[in-house]
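Beneath this line is the structure, given in structure tokens, with notes to follow.
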Amino acid sequence: MILHPAEPFDFRRTLRFILSPPVLANGRRFEPLLDHFEEGEYRRAAEIEGKLVIYGVSENLSDSSPALRVRILSDGRDSRPLEAVAALVRRQLALDLDLLPFYRLGSSDPVLARLAIHFRGMRIPQVANPYEALVSAILEQQVNLSFAHQAKRALIERYGRVTEYGGRSYRLFPSPEAIARATPQELRRLQISGPKARYIIGISSAVTKGDLDLESLRTMGSAPAIERLCALKGVGDWTAHYVAMRALGHCDCLPAADVGLQKSVQFFYGLRQQPPPARVEKLARHWTGWRSYATFYLWLTYWEDTSWRLALRDEIRRSRKAALP
DNA sequence: GTCCAGGATGGGC
DNA sequence: GCCCATCATGGA
């Protein structure tokens with residue numbers, strides 16, 4: 001099946017966030033846990049209508065406008081799953097989103113203007129399901145990302161389903177049911193802290209019992225969705241904003257208390273010290289409607305090498321000076 | 001050894 | 001309301 005993304009769309013750049021996460025300080029890389037790239041094709045397992053399928057997404061280069069080919073690599077005789085997979089891919093890669101209004105904000109903000117050029121066509125890749133995003137975000141609270149990644153991998157390997165394709169293992173993120181059955185002691189063995197273990201199990205059982213419908217948060221406005229998330233034990237402002245922008249498709253969320261965002265804002269806007277949340281919110285007034293995207297692009301500048309960041313900052317400074325009367 | 005990581009909670013005041 | 005200890009581990 002062929003899908004046509006809204007232009008501009010950059011497949012490689014959008015996948016880059018999923019497939020080649022940053023080099024850690026110790027020189028290692030996170031290896032992706034659930035996502036794969038083989039033979040020019042992005043591949044991942046998903047549970048569709050109770051069946052575990054592996055799907056693949058690749059660029060259809062024969063087409064003149066950007067086009068993606070979506071197919072099912074396993075269990076492909078039934079056509080119904082393909083429709084569901086296509087819907088998943090549309091959401092995962094935000095194919096229907098028109099980024100041009102975001103890029104036009106660059107006219108009132110020189111930082112955004114440069115980022116829009118560099119990251120043109122890149123979407124915020126959406127985590128396949130909000131539950132996965134929420135649990136991952138809790139694991140990532142406070143601790144360094146390398147440690148969080150380790151805990152997440154242990155959780156997936158212990159509680160997630162797995163299937164084989166082409167000699168490679170494809171895993172699913174654990175279901176809420178599987179985690180709801182676990183005890184805090186079991187999660188402690190995976191180096192997850194006691195409080196975090198209780199939060200994750202609590203959320204999982206709320207989902208299992210039907211008390212918490214994370215999918216419904218997608219169609220809600222972002223403010224009520226964030227409020228609903230913050231009502232959960234273990235979920236604060238940062239986690240709620242993160243889930244909203246990474247999994248619920250909300251484009252105007254600003255995690256103003258995020259350390260990475262604050263550092264990036266300090267660097268590119270030339271502030272003497274790291275800005276407190278109120279200062280970030282004030283600066284972000286130019287980003288209205290697209291604050292998730294501005295945040296995401298600012299985060300990603302850390303993935304480029306330091307000399308690139310310095311060069312970009314100088315360029316922004318020069319453009320500011322040139323704009324002075 | 002100390003401090004900080006893509007935080008959140010519950011206690012004391 | 002604000003301030004603080006606590007949680008877990010690893011890297012600088």
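In the structure tokens, each chain is lettered A, B, ... as it comes, each chain's residues begin at 1, and ligands are numbered from 1 in order of appearance.
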Could you build a table of the residues in chain B lying no more than 7 Å from chain A, giving for each the nearest pair of atoms and their separation in Å rounded to one decimal place, using only C-alpha atoms (C1' of nucleotides), ordered by chain and ascending residue number, as a tab-separated table?
```
residue	atom	partner	partner_atom	distance
B:DA5	C1'	A:Asn144	CA	4.3
B:DG6	C1'	A:Gly260	CA	6.1
B:DG7	C1'	A:Gln141	CA	4.8
B:DA8	C1'	A:Gly234	CA	5.8
```
Residue subset to file, keeping N, CA and C atoms (P, O5', C5', C4', C3', O3' and C1' of nucleotides), as a PDB file, in the first residue's frame:
```pdb
ATOM      1  P    DA B   5      21.715  18.526  35.657  1.00  0.00           P
ATOM      2  O5'  DA B   5      21.442  17.450  34.517  1.00  0.00           O
ATOM      3  C5'  DA B   5      20.892  16.257  34.942  1.00  0.00           C
ATOM      4  C4'  DA B   5      21.370  15.136  34.075  1.00  0.00           C
ATOM      5  C3'  DA B   5      20.207  14.490  33.341  1.00  0.00           C
ATOM      6  O3'  DA B   5      20.713  13.745  32.255  1.00  0.00           O
ATOM      7  C1'  DA B   5      20.901  13.136  35.178  1.00  0.00           C
ATOM      8  P    DG B   6      20.016  13.855  30.857  1.00  0.00           P
ATOM      9  O5'  DG B   6      18.433  14.084  30.847  1.00  0.00           O
ATOM     10  C5'  DG B   6      17.526  13.582  31.790  1.00  0.00           C
ATOM     11  C4'  DG B   6      16.391  14.595  31.915  1.00  0.00           C
ATOM     12  C3'  DG B   6      15.065  14.052  32.377  1.00  0.00           C
ATOM     13  O3'  DG B   6      14.344  15.080  33.070  1.00  0.00           O
ATOM     14  C1'  DG B   6      14.967  14.562  30.080  1.00  0.00           C
ATOM     15  P    DG B   7      14.740  15.241  34.556  1.00  0.00           P
ATOM     16  O5'  DG B   7      13.499  14.675  35.359  1.00  0.00           O
ATOM     17  C5'  DG B   7      12.277  15.344  35.273  1.00  0.00           C
ATOM     18  C4'  DG B   7      11.192  14.438  35.755  1.00  0.00           C
ATOM     19  C3'  DG B   7       9.992  15.199  36.277  1.00  0.00           C
ATOM     20  O3'  DG B   7       8.859  14.379  36.060  1.00  0.00           O
ATOM     21  C1'  DG B   7      11.088  14.090  38.059  1.00  0.00           C
ATOM     22  P    DA B   8       7.440  14.948  36.464  1.00  0.00           P
ATOM     23  O5'  DA B   8       7.206  14.260  37.876  1.00  0.00           O
ATOM     24  C5'  DA B   8       7.105  12.854  37.937  1.00  0.00           C
ATOM     25  C4'  DA B   8       6.765  12.402  39.330  1.00  0.00           C
ATOM     26  C3'  DA B   8       5.647  13.214  39.996  1.00  0.00           C
ATOM     27  O3'  DA B   8       4.637  12.316  40.424  1.00  0.00           O
ATOM     28  C1'  DA B   8       7.594  13.108  41.391  1.00  0.00           C
TER      29       DA B   8
END
```
Item to complete: Do a neighbour search on Arg69 of chain A at 9 Å with only C-alpha atoms (C1' of nucleotides), toss out local chain neighbours closer than 3 positions, and write the hits as a list in words.
Response: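 Using only C-alpha atoms (C1' of nucleotides), the neighbours found are Met1, Ile2, Leu3, Gly56, Val57, Ser58, Glu59 and Asn60 of chain A.
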Give me, as a tab-separated table, the closest atom pair and its distance (Å, one decimal) for every residue of chain C within a cut-off of 12 Å of chain A, counting only C-alpha atoms (C1' of nucleotides), rows sorted by chain and rising number.
```
residue	atom	partner	partner_atom	distance
C:DT6	C1'	A:Pro195	CA	9.9
C:DC7	C1'	A:Ser193	CA	6.4
C:DA8	C1'	A:Ser193	CA	5.6
C:DT9	C1'	A:Phe147	CA	6.7
C:DG10	C1'	A:Phe147	CA	7.0
C:DG11	C1'	A:Ala25	CA	7.9
C:DA12	C1'	A:Ala25	CA	9.1
```
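Put simply, atom CA of Ser292 of chain A is 15.2 Å away from atom CA of Arg120 of chain A.
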Discussion item. Please compute the atom CA of Ile203 of chain A-atom CA of Leu52 of chain A distance, one decimal, in Å.
Written reply: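 Pair atom CA of Ile203 of chain A / atom CA of Leu52 of chain A returns 23.8 Å.
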Fill in: Contacts of Ala84 of chain A within 12 Å, only C-alpha atoms (C1' of nucleotides), excl. fewer than 3 positions in-chain, as a PyMOL selection string
chain A and resi 1+46-51+53+55+70-72+78-81+87-91
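Proximity to Pro176 of chain A at 10 Å, evaluated using only C-alpha atoms (C1' of nucleotides) and with sequence-adjacent residues fewer than 6 positions away removed, yields Tyr131, Glu132, Val135, Tyr159, Ile200, Ile201, Gly202, Ile203, Ser204, Ser205, Ala206, Val207, Thr208 and Lys209 of chain A.
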If you keep C-alpha atoms, can you produce a file of those selected residues as a PDB file, in the first residue's frame?
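Final file, selection.pdb:
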```pdb
ATOM      1  CA  TYR A 131       0.853   3.387  27.274  1.00  0.00           C
ATOM      2  CA  GLU A 132       4.357   2.641  26.020  1.00  0.00           C
ATOM      3  CA  VAL A 135       5.738   3.893  31.069  1.00  0.00           C
ATOM      4  CA  TYR A 159       7.258  -8.921  30.007  1.00  0.00           C
ATOM      5  CA  ILE A 200       3.903   1.701  36.674  1.00  0.00           C
ATOM      6  CA  ILE A 201       1.908  -1.174  38.140  1.00  0.00           C
ATOM      7  CA  GLY A 202      -0.811   1.228  39.310  1.00  0.00           C
ATOM      8  CA  ILE A 203      -1.178   2.764  35.866  1.00  0.00           C
ATOM      9  CA  SER A 204      -1.136  -0.667  34.233  1.00  0.00           C
ATOM     10  CA  SER A 205      -3.938  -1.961  36.401  1.00  0.00           C
ATOM     11  CA  ALA A 206      -5.981   1.204  35.848  1.00  0.00           C
ATOM     12  CA  VAL A 207      -5.693   0.613  32.096  1.00  0.00           C
ATOM     13  CA  THR A 208      -6.517  -3.081  32.495  1.00  0.00           C
ATOM     14  CA  LYS A 209      -9.588  -2.363  34.598  1.00  0.00           C
TER      15      LYS A 209
END
```
Worksheet item: Any idea what's packed within 12 Å of DC3 of chain C, counting only C-alpha atoms (C1' of nucleotides), ignoring anything in its chain fewer than 6 positions away? Could you give it as a list in words?
Response: DG11, DG12 and DC13 of chain B
Expected file: the selected residues, C-alpha atoms (C1' of nucleotides), as a PDB file, in the first residue's frame:
```
ATOM      1  C1'  DG B  11       6.438  15.279  54.765  1.00  0.00           C
ATOM      2  C1'  DG B  12       7.229  19.449  57.650  1.00  0.00           C
ATOM      3  C1'  DC B  13       6.538  24.159  58.227  1.00  0.00           C
TER       4       DC B  13
END
```
Item to complete: Using backbone DSSP assignments, extract all alpha helix (DSSP H) residues from segment 235-297 of chain A; output them as a VMD selection string.
Response: chain A and resid 237 to 246 259 to 268 277 to 283 291 to 297
Write to file, as an mmCIF file, in the first residue's frame, the residues of the selection just made, with N, CA and C atoms.
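Generated output (out_19.cif):
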```
data_model
loop_
_atom_site.group_PDB
_atom_site.id
_atom_site.type_symbol
_atom_site.label_atom_id
_atom_site.label_comp_id
_atom_site.auth_asym_id
_atom_site.auth_seq_id
_atom_site.Cartn_x
_atom_site.Cartn_y
_atom_site.Cartn_z
ATOM 1 N N ASP A 237 4.131 17.232 35.661
ATOM 2 C CA ASP A 237 4.061 18.109 34.508
ATOM 3 C C ASP A 237 4.942 17.643 33.349
ATOM 4 N N TRP A 238 6.157 17.304 33.665
ATOM 5 C CA TRP A 238 7.110 16.917 32.627
ATOM 6 C C TRP A 238 6.639 15.677 31.871
ATOM 7 N N THR A 239 6.270 14.642 32.624
ATOM 8 C CA THR A 239 5.841 13.381 32.029
ATOM 9 C C THR A 239 4.587 13.575 31.175
ATOM 10 N N ALA A 240 3.639 14.348 31.686
ATOM 11 C CA ALA A 240 2.388 14.563 30.954
ATOM 12 C C ALA A 240 2.653 15.273 29.624
ATOM 13 N N HIS A 241 3.501 16.297 29.660
ATOM 14 C CA HIS A 241 3.818 17.014 28.419
ATOM 15 C C HIS A 241 4.542 16.109 27.439
ATOM 16 N N TYR A 242 5.458 15.317 27.984
ATOM 17 C CA TYR A 242 6.226 14.407 27.129
ATOM 18 C C TYR A 242 5.300 13.429 26.409
ATOM 19 N N VAL A 243 4.390 12.832 27.143
ATOM 20 C CA VAL A 243 3.457 11.866 26.545
ATOM 21 C C VAL A 243 2.563 12.564 25.515
ATOM 22 N N ALA A 244 2.107 13.753 25.852
ATOM 23 C CA ALA A 244 1.222 14.475 24.932
ATOM 24 C C ALA A 244 1.908 14.764 23.601
ATOM 25 N N MET A 245 3.178 15.134 23.658
ATOM 26 C CA MET A 245 3.847 15.478 22.398
ATOM 27 C C MET A 245 4.392 14.268 21.663
ATOM 28 N N ARG A 246 4.760 13.208 22.391
ATOM 29 C CA ARG A 246 5.396 12.056 21.756
ATOM 30 C C ARG A 246 4.419 10.954 21.369
ATOM 31 N N VAL A 259 14.955 20.080 31.507
ATOM 32 C CA VAL A 259 16.335 20.562 31.583
ATOM 33 C C VAL A 259 16.963 20.695 30.189
ATOM 34 N N GLY A 260 16.710 19.724 29.342
ATOM 35 C CA GLY A 260 17.280 19.755 27.990
ATOM 36 C C GLY A 260 16.778 20.962 27.205
ATOM 37 N N LEU A 261 15.498 21.250 27.325
ATOM 38 C CA LEU A 261 14.920 22.408 26.641
ATOM 39 C C LEU A 261 15.520 23.698 27.191
ATOM 40 N N GLN A 262 15.634 23.771 28.505
ATOM 41 C CA GLN A 262 16.191 24.973 29.119
ATOM 42 C C GLN A 262 17.629 25.227 28.667
ATOM 43 N N LYS A 263 18.414 24.163 28.591
ATOM 44 C CA LYS A 263 19.801 24.316 28.162
ATOM 45 C C LYS A 263 19.882 24.766 26.717
ATOM 46 N N SER A 264 19.024 24.183 25.896
ATOM 47 C CA SER A 264 19.031 24.538 24.484
ATOM 48 C C SER A 264 18.583 25.991 24.275
ATOM 49 N N VAL A 265 17.554 26.384 25.029
ATOM 50 C CA VAL A 265 17.077 27.762 24.946
ATOM 51 C C VAL A 265 18.180 28.721 25.390
ATOM 52 N N GLN A 266 18.848 28.380 26.495
ATOM 53 C CA GLN A 266 19.942 29.227 26.975
ATOM 54 C C GLN A 266 21.010 29.390 25.898
ATOM 55 N N PHE A 267 21.350 28.290 25.270
ATOM 56 C CA PHE A 267 22.424 28.286 24.272
ATOM 57 C C PHE A 267 22.067 29.122 23.041
ATOM 58 N N PHE A 268 20.903 28.879 22.465
ATOM 59 C CA PHE A 268 20.576 29.539 21.199
ATOM 60 C C PHE A 268 20.035 30.951 21.364
ATOM 61 N N PRO A 277 11.318 27.957 34.192
ATOM 62 C CA PRO A 277 10.148 27.671 33.350
ATOM 63 C C PRO A 277 9.405 28.923 32.871
ATOM 64 N N ALA A 278 9.245 29.892 33.762
ATOM 65 C CA ALA A 278 8.485 31.091 33.376
ATOM 66 C C ALA A 278 9.173 31.827 32.213
ATOM 67 N N ARG A 279 10.494 31.851 32.258
ATOM 68 C CA ARG A 279 11.253 32.520 31.192
ATOM 69 C C ARG A 279 11.118 31.763 29.869
ATOM 70 N N VAL A 280 11.152 30.426 29.960
ATOM 71 C CA VAL A 280 10.978 29.602 28.757
ATOM 72 C C VAL A 280 9.601 29.865 28.153
ATOM 73 N N GLU A 281 8.589 29.919 29.009
ATOM 74 C CA GLU A 281 7.231 30.145 28.511
ATOM 75 C C GLU A 281 7.110 31.497 27.832
ATOM 76 N N LYS A 282 7.798 32.476 28.381
ATOM 77 C CA LYS A 282 7.740 33.809 27.802
ATOM 78 C C LYS A 282 8.392 33.829 26.408
ATOM 79 N N LEU A 283 9.565 33.199 26.331
ATOM 80 C CA LEU A 283 10.251 33.118 25.042
ATOM 81 C C LEU A 283 9.429 32.350 24.004
ATOM 82 N N ARG A 291 4.441 24.549 19.886
ATOM 83 C CA ARG A 291 5.476 24.524 20.924
ATOM 84 C C ARG A 291 6.100 23.137 21.098
ATOM 85 N N SER A 292 5.328 22.073 20.808
ATOM 86 C CA SER A 292 5.928 20.727 20.848
ATOM 87 C C SER A 292 7.036 20.620 19.816
ATOM 88 N N TYR A 293 6.762 21.123 18.625
ATOM 89 C CA TYR A 293 7.744 21.008 17.544
ATOM 90 C C TYR A 293 8.982 21.850 17.808
ATOM 91 N N ALA A 294 8.774 23.048 18.328
ATOM 92 C CA ALA A 294 9.929 23.885 18.660
ATOM 93 C C ALA A 294 10.788 23.187 19.713
ATOM 94 N N THR A 295 10.131 22.620 20.716
ATOM 95 C CA THR A 295 10.846 21.882 21.762
ATOM 96 C C THR A 295 11.629 20.721 21.171
ATOM 97 N N PHE A 296 10.963 19.985 20.326
ATOM 98 C CA PHE A 296 11.595 18.792 19.768
ATOM 99 C C PHE A 296 12.814 19.142 18.915
ATOM 100 N N TYR A 297 12.666 20.142 18.081
ATOM 101 C CA TYR A 297 13.798 20.558 17.244
ATOM 102 C C TYR A 297 14.948 21.069 18.121
#
```
Practice prompt. Please run DSSP on the backbone and report, as a PyMOL selection string, all residues within segment 95-234 of chain A that come out as strand (DSSP E).
Written response: chain A and resi 162-165+168-171
Write the residues you've just listed into a file as a PDB file, in the first residue's frame, and include C-alpha atoms for each of them.
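After the write, selection-v2.pdb holds the following:
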```pdb
ATOM      1  CA  VAL A 162       8.512 -11.667  20.970  1.00  0.00           C
ATOM      2  CA  THR A 163       8.461 -13.147  17.483  1.00  0.00           C
ATOM      3  CA  GLU A 164      11.095 -14.021  14.910  1.00  0.00           C
ATOM      4  CA  TYR A 165      11.413 -12.836  11.353  1.00  0.00           C
ATOM      5  CA  ARG A 168      15.860 -11.423  13.991  1.00  0.00           C
ATOM      6  CA  SER A 169      13.778 -10.972  17.128  1.00  0.00           C
ATOM      7  CA  TYR A 170      10.904  -8.495  17.014  1.00  0.00           C
ATOM      8  CA  ARG A 171       9.496  -7.515  20.353  1.00  0.00           C
TER       9      ARG A 171
END
```
Worksheet item: How far is it from atom CA of Leu229 of chain A to atom CA of Glu177 of chain A, in Å with one decimal?
Response: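 Atom CA of Glu177 of chain A lies 19.3 Å from atom CA of Leu229 of chain A.
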